[in-house]
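Peer 1: Structure incoming, see below.
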Amino acid sequence: MRAVLHLFDFQQKVNYTTEILSGLTVALALVPEAVAFAMIAGLSPLTGLYAAFMMGLVTSIFGGRPGMISGATGAVAIVLVALVESHGVEYIFATVVLAGIIQFLAGLLKLGKLMRLVPHPVIFGFVNGLAIIIFMSQLDQFKDPTGNWLTGESLYIILGLVFLTMLIIWGLPKLTKVFPASLAAILIVFGIVFLLDIDTKTVGDMASIEGGFPPFHIPDVNYSLETFMLILPYASIVAGVGLIESLLTLNIVDEITETRGKSNKEAMAQGAANILSGLFSGMGGCAMIGQSLINVSNGARARLSGIVASILLLCFVVFGSGLIEMVPMAALTGLMIMVSIGTFEWASLRTLNKFPVPDVIVMILVTLVTVFLHNLALAVLVGVIIAALVFAWENSKRIRARKYIDDKGIKHYEIYGPLFFASTAIFDSKFDVMNDPEEVMIDFTESRVADMSAIEALNKLTERYHKYGKKVYIRNLSSSSHKKLIKADKMINVNIVGEPKSKSDEDY
C-alpha cells in the first residue's frame with residue numbers, strides 16, 4: 001500500500017495522516033461548492049459533483065502543483081450559463097472537451113511561462129477579489145428560500161454555529177496541530193446539531209447528491225463546422241479563465257509553501273481533466289483557491305490529499321449521500337469565511353501608502369473587476385494592460401542622450417535607455433538637425449532598438465539629416481537591434497557602422 005502511495009506522490013515524503021484527514025476536509029467543503037456552481041450554470045448537482053471528482057483526481061495525480069485542489073468553479077459556471085439556456089447540457093460537455101484540448105495544447109506549447117508577465121499588484125487584486133467573492137457567496141446561507149434575510153431564532157442559530165466553527169478553526173491550532181482544525185470544526189458542529197436536534201440548514205436542503213459512478217458519455221451534438229464555431233468562443237473563454245485562475249492559484253500556493261510548481265505541466269493536467277470531465281458528464285472546472293488554501297493550511301503538501309478528496313467525494317455521491325446531506329451548512333459556511341479571511345492579502349492594505357500610486361490603482365481596479373463582473377480573465381487582462389502601459393510610460397521618460405563633438409568635427413550622440421514606441425518623441429527631441437555638423441554618429445552602446453516604432457523614428461531622423469545634406473552613422477547596436485535594422489533595410493536608409501555587439505539585450 002505504501003508503495004502505491006509513494007507512486008502517487010512521486011517519491012515525495014508524505015505525512016499520511018495529515019494528507020488523508022485534509023483530503024476528507026476538502027471533500028466535505030467541495031460538496032456544497034460543486035452543487036452551488038452547477039445550479040448557477042443551470043445544470044444538475046451531479047454535473048458539478050462529477051466535475052469536481054474528475055478535475056480533482058486528474059490534476060492531483062498529474063498536475064504541476066502537489067497540494068493544489070481543482071474542481072467545478074463559479075468562474076467556469078458563469079461562462080456556461082448562456083450556452084445552457086440556448087442549447088442544453090450536451091453542448092456544455094462538448095464545450096468542456098474543446099476547452100480541455102485548448103488548455104492541453106497551451107501547456108504543450110509551454111505557454112504557462114506567460115504568467116511571468118502578471119505583475120504582483122495584479123495578483124494582489126485578483127486574490128483580494130476572490131476573497132471578497134468567497135465571503136459574499138456565503139451570505140446566501142443567512143437568507144430563507146424566498147431570498148429574505150433570516151430573523152429571530154433561525155438567524156441566531158446559524159450565526160452561533162458559524163461563529164463556533166470559526167472559533168474552533170482559529171483556536172484549535174494554538175492547542176494542537178495533530179488534527180486538522182477545519183475538520184474538527186465540521187465534526188463538532190455536526191455532532192452538536194445532530195445530538196441536540198437543532199433545526200438548521202443542511203447540505204441536503206440545497207439538493208440531493210445521490211448518484212452513481214460518472215457515466216462515460218460522448219456529447220450528443222451535431223458534429224459540424226457550425227457546431228464547432230458555436231462552442232469555440234465559449235470553450236476559449238473557459239480555457240482562458242481556467243488557466244488564469246489555476247496558474248495564479250499555483251503561484252499563491254508556491255508562495256505559501258515556499259516551493260515551485262510547474263505551470264506548463266499544470267496546464268496540460270487541467271486540459272486532460274477537462275477533456276475527461278466532459279466525457280464523464282461533468283461541467284468542467286479549474287483550480288479552486290479556497291479549497292487549495294484549506295488543504296495547504298491543514299499541512300498537506302503532497303498529491304495524496306487531492307486524490308483522497310476526489311475519491312471520498314465520489315464515495316459521498318455513491319454510498320454516503322444520506323449522511324453528507326445531514327452536514328450543517330453553518331459549519332461549511334464558517335469554514336469558507338475563514339478561508340476568505342486567510343485568502344485576503346491584508347499586507348496589501350497596510351502597505352498601500354508605500355506602493356507606487358499606479359500599482360495601487362492596478363490592484364484596486366483588478367479587485368473591483370473581479371468582484372463586480374466575476375470575470376477573472378478580464379480582471380487579470382485589464383491589470384496586465386494597465387501595468388504594461390505604466391511601465392512603458394515610465395521607461396519612455398528614461399531615454400536621454402550625451403552629446404559631444406570629437407576632434408574630427410563629428411558630433412556624437414550617446415543614447416541611454418530603450419528606444420521603443422513610447423520613447424520615440426523624446427528621442428527625436430534630443431537632436432539638433434539644423435545646427436549639427438556634416439557628420440553625426442549615434443551610439444547605441446547603452447540603448448537598443450526595440451520595435452517598429454523605433455525603426456521608423458530612426459528612419460525619419462535620418463531623412464531630416466539627409467534633407468540638409470548631412471550623414472548619419474549608427475554604431476554599437478545590440479545583436480537583436482542590428483537584425484531589426486537589417487530586416488528593415490528596404491524601409492530605412494541608415495549607415496550602420498561596425499559589427500553588432502555580442503552581448504544580449506538583457507545586458508542593457
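Ordering of the C-alpha cells sets the chain letters (A, B, ...); residue numbers start at 1 within each chain; ligands are numbered from 1 in the order shown.
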Taking only residues of stretch 300-338 of chain A that have an atom at most 9 Å from an atom of stretch 289-295 of chain A, what is each one's shortest atom pair and its distance in Å to one decimal, using only C-alpha atoms, in chain and number order, as CSV?
Peer 2:
residue,atom,partner,partner_atom,distance
A:Ala300,CA,A:Asn295,CA,5.6
A:Arg301,CA,A:Asn295,CA,8.1
A:Ser305,CA,A:Asn295,CA,7.5
A:Gly306,CA,A:Asn295,CA,8.3
A:Leu335,CA,A:Ile294,CA,8.6
A:Met336,CA,A:Gly290,CA,7.3
Peer 1: Enumerate as a PDB file with C-alpha atoms, in the first residue's frame all residues of stretch 79-194 of chain A assigned to helix (DSSP H, G or I) by DSSP on the backbone, naming them with the chain letters and numbers the document uses.
Peer 2:
ATOM      1  CA  VAL A  79     -19.333  31.414 -18.728  1.00  0.00           C
ATOM      2  CA  LEU A  80     -21.587  28.420 -19.436  1.00  0.00           C
ATOM      3  CA  VAL A  81     -24.933  29.894 -18.317  1.00  0.00           C
ATOM      4  CA  ALA A  82     -25.911  31.383 -21.685  1.00  0.00           C
ATOM      5  CA  LEU A  83     -24.948  28.219 -23.595  1.00  0.00           C
ATOM      6  CA  VAL A  84     -27.028  26.022 -21.268  1.00  0.00           C
ATOM      7  CA  GLU A  85     -30.078  28.224 -21.749  1.00  0.00           C
ATOM      8  CA  SER A  86     -29.805  28.317 -25.537  1.00  0.00           C
ATOM      9  CA  HIS A  87     -28.547  24.832 -26.477  1.00  0.00           C
ATOM     10  CA  VAL A  89     -26.344  20.348 -21.460  1.00  0.00           C
ATOM     11  CA  GLU A  90     -24.889  18.278 -24.341  1.00  0.00           C
ATOM     12  CA  TYR A  91     -23.271  21.390 -25.779  1.00  0.00           C
ATOM     13  CA  ILE A  92     -21.767  22.071 -22.354  1.00  0.00           C
ATOM     14  CA  PHE A  93     -19.999  18.705 -22.418  1.00  0.00           C
ATOM     15  CA  ALA A  94     -18.690  19.371 -25.933  1.00  0.00           C
ATOM     16  CA  THR A  95     -17.515  22.851 -24.897  1.00  0.00           C
ATOM     17  CA  VAL A  96     -15.669  21.499 -21.868  1.00  0.00           C
ATOM     18  CA  VAL A  97     -13.891  18.886 -24.011  1.00  0.00           C
ATOM     19  CA  LEU A  98     -12.811  21.549 -26.517  1.00  0.00           C
ATOM     20  CA  ALA A  99     -11.665  23.837 -23.686  1.00  0.00           C
ATOM     21  CA  GLY A 100      -9.593  20.972 -22.321  1.00  0.00           C
ATOM     22  CA  ILE A 101      -7.945  20.448 -25.698  1.00  0.00           C
ATOM     23  CA  ILE A 102      -7.044  24.154 -25.849  1.00  0.00           C
ATOM     24  CA  GLN A 103      -5.584  24.043 -22.340  1.00  0.00           C
ATOM     25  CA  PHE A 104      -3.595  20.892 -23.083  1.00  0.00           C
ATOM     26  CA  LEU A 105      -2.132  22.482 -26.209  1.00  0.00           C
ATOM     27  CA  ALA A 106      -1.271  25.622 -24.214  1.00  0.00           C
ATOM     28  CA  GLY A 107       0.725  23.504 -21.794  1.00  0.00           C
ATOM     29  CA  LEU A 108       2.305  21.517 -24.607  1.00  0.00           C
ATOM     30  CA  LEU A 111       2.577  28.997 -22.695  1.00  0.00           C
ATOM     31  CA  GLY A 112       2.390  28.688 -18.920  1.00  0.00           C
ATOM     32  CA  LYS A 113       5.504  30.834 -18.675  1.00  0.00           C
ATOM     33  CA  LEU A 114       3.377  33.791 -19.810  1.00  0.00           C
ATOM     34  CA  MET A 115       2.223  34.007 -16.186  1.00  0.00           C
ATOM     35  CA  ARG A 116       5.555  35.699 -15.525  1.00  0.00           C
ATOM     36  CA  LEU A 117       4.037  38.743 -17.238  1.00  0.00           C
ATOM     37  CA  HIS A 120       2.379  41.466  -8.270  1.00  0.00           C
ATOM     38  CA  PRO A 121      -0.284  44.205  -7.908  1.00  0.00           C
ATOM     39  CA  VAL A 122      -2.474  42.211 -10.322  1.00  0.00           C
ATOM     40  CA  ILE A 123      -2.018  39.074  -8.216  1.00  0.00           C
ATOM     41  CA  PHE A 124      -2.864  41.055  -5.052  1.00  0.00           C
ATOM     42  CA  GLY A 125      -6.002  42.436  -6.696  1.00  0.00           C
ATOM     43  CA  PHE A 126      -7.010  39.021  -8.029  1.00  0.00           C
ATOM     44  CA  VAL A 127      -6.564  37.341  -4.634  1.00  0.00           C
ATOM     45  CA  ASN A 128      -8.382  40.103  -2.748  1.00  0.00           C
ATOM     46  CA  GLY A 129     -11.236  39.995  -5.250  1.00  0.00           C
ATOM     47  CA  LEU A 130     -11.572  36.230  -4.890  1.00  0.00           C
ATOM     48  CA  ALA A 131     -11.527  36.531  -1.088  1.00  0.00           C
ATOM     49  CA  ILE A 132     -14.398  39.021  -1.251  1.00  0.00           C
ATOM     50  CA  ILE A 133     -16.331  36.777  -3.661  1.00  0.00           C
ATOM     51  CA  ILE A 134     -15.863  33.757  -1.380  1.00  0.00           C
ATOM     52  CA  PHE A 135     -17.148  35.787   1.574  1.00  0.00           C
ATOM     53  CA  MET A 136     -20.115  37.259  -0.304  1.00  0.00           C
ATOM     54  CA  SER A 137     -21.141  33.842  -1.620  1.00  0.00           C
ATOM     55  CA  GLN A 138     -21.571  32.662   1.987  1.00  0.00           C
ATOM     56  CA  LEU A 139     -24.150  35.348   2.732  1.00  0.00           C
ATOM     57  CA  ASP A 140     -26.837  33.326   0.933  1.00  0.00           C
ATOM     58  CA  GLN A 141     -26.797  30.926   3.881  1.00  0.00           C
ATOM     59  CA  PHE A 142     -28.245  33.710   6.026  1.00  0.00           C
ATOM     60  CA  GLY A 152     -35.163  35.646  15.053  1.00  0.00           C
ATOM     61  CA  GLU A 153     -34.195  32.178  16.272  1.00  0.00           C
ATOM     62  CA  SER A 154     -33.151  30.853  12.835  1.00  0.00           C
ATOM     63  CA  LEU A 155     -30.666  33.704  12.424  1.00  0.00           C
ATOM     64  CA  TYR A 156     -29.258  33.320  15.936  1.00  0.00           C
ATOM     65  CA  ILE A 157     -28.793  29.564  15.487  1.00  0.00           C
ATOM     66  CA  ILE A 158     -26.859  29.813  12.225  1.00  0.00           C
ATOM     67  CA  LEU A 159     -24.812  32.759  13.497  1.00  0.00           C
ATOM     68  CA  GLY A 160     -23.896  30.842  16.629  1.00  0.00           C
ATOM     69  CA  LEU A 161     -22.896  27.737  14.687  1.00  0.00           C
ATOM     70  CA  VAL A 162     -20.881  29.762  12.163  1.00  0.00           C
ATOM     71  CA  PHE A 163     -19.013  31.628  14.907  1.00  0.00           C
ATOM     72  CA  LEU A 164     -18.380  28.360  16.770  1.00  0.00           C
ATOM     73  CA  THR A 165     -16.891  26.873  13.587  1.00  0.00           C
ATOM     74  CA  MET A 166     -14.686  29.913  13.087  1.00  0.00           C
ATOM     75  CA  LEU A 167     -13.597  29.883  16.737  1.00  0.00           C
ATOM     76  CA  ILE A 168     -12.551  26.218  16.547  1.00  0.00           C
ATOM     77  CA  ILE A 169     -10.625  26.768  13.292  1.00  0.00           C
ATOM     78  CA  TRP A 170      -8.869  29.778  14.828  1.00  0.00           C
ATOM     79  CA  GLY A 171      -8.222  28.345  18.297  1.00  0.00           C
ATOM     80  CA  LEU A 172      -7.518  24.641  17.881  1.00  0.00           C
ATOM     81  CA  PRO A 173      -4.133  25.073  16.115  1.00  0.00           C
ATOM     82  CA  LYS A 174      -2.970  27.073  19.148  1.00  0.00           C
ATOM     83  CA  LEU A 175      -3.565  23.979  21.293  1.00  0.00           C
ATOM     84  CA  ALA A 181      -8.831  22.288  12.802  1.00  0.00           C
ATOM     85  CA  SER A 182     -11.241  22.686   9.893  1.00  0.00           C
ATOM     86  CA  LEU A 183     -12.255  19.001  10.003  1.00  0.00           C
ATOM     87  CA  ALA A 184     -12.579  19.130  13.789  1.00  0.00           C
ATOM     88  CA  ALA A 185     -14.867  22.168  13.472  1.00  0.00           C
ATOM     89  CA  ILE A 186     -17.124  20.416  10.951  1.00  0.00           C
ATOM     90  CA  LEU A 187     -17.374  17.263  13.070  1.00  0.00           C
ATOM     91  CA  ILE A 188     -18.034  19.149  16.324  1.00  0.00           C
ATOM     92  CA  VAL A 189     -20.753  21.352  14.817  1.00  0.00           C
ATOM     93  CA  PHE A 190     -22.276  18.319  13.074  1.00  0.00           C
ATOM     94  CA  GLY A 191     -22.317  16.446  16.400  1.00  0.00           C
ATOM     95  CA  ILE A 192     -23.945  19.365  18.244  1.00  0.00           C
ATOM     96  CA  VAL A 193     -26.657  19.775  15.622  1.00  0.00           C
ATOM     97  CA  PHE A 194     -27.342  16.025  15.471  1.00  0.00           C
TER      98      PHE A 194
END
Peer 1: I'd like to know which of A:Thr18, A:Thr370, A:Ser44, A:Ser423 is closest to A:Ala207, using only C-alpha atoms.
Peer 2: A:Ser44
Peer 1: Using only C-alpha atoms, which residue out of A:Thr146, A:Ser281, A:Ser236, A:Ser297 lies closest to A:Gly67?
Peer 2: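 Among A:Thr146, A:Ser281, A:Ser236, A:Ser297, it is A:Ser297 that comes nearest to A:Gly67.
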Peer 1: From the options A:Ala273, A:Ile442, A:Leu332, A:Ile198, which residue's atoms come nearest to A:Ser70, counting only C-alpha atoms?
Peer 2: A:Ala273
Peer 1: Applying 12 Å and only C-alpha atoms, which residues near A:Lys397 remain after dropping the ones on its own chain fewer than 6 positions away? List them as a list in words.
Peer 2: Val390, Phe391, Tyr416, Gly417, Pro418, Leu419, Phe420, Phe421, Ala422, Ser423, Thr424, Ala425, Ile426 and Phe427 of chain A
Peer 1: For the selection just defined, write its residues with C-alpha atoms to a file, as a tab-separated table (two decimals), in the first residue's frame.
Peer 2:
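Listing of part-v4.tsv after writing:
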chain	number	residue	atom	x	y	z
A	390	VAL	CA	2.51	52.39	-16.91
A	391	PHE	CA	5.80	50.57	-17.34
A	416	TYR	CA	20.85	55.83	-22.90
A	417	GLY	CA	17.62	53.93	-22.35
A	418	PRO	CA	15.47	51.79	-24.70
A	419	LEU	CA	14.11	53.24	-27.93
A	420	PHE	CA	10.55	51.97	-28.39
A	421	PHE	CA	7.09	53.27	-29.29
A	422	ALA	CA	6.65	55.37	-26.15
A	423	SER	CA	10.11	56.97	-26.19
A	424	THR	CA	10.40	57.96	-29.85
A	425	ALA	CA	9.11	61.54	-29.33
A	426	ILE	CA	11.62	62.24	-26.54
A	427	PHE	CA	14.37	60.56	-28.59
Peer 1: Hey, can you check how far atom CA of A:Val35 sits from atom CA of A:Phe280?
Peer 2: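 According to the coordinates, atom CA of A:Val35 and atom CA of A:Phe280 are separated by 16.6 Å.
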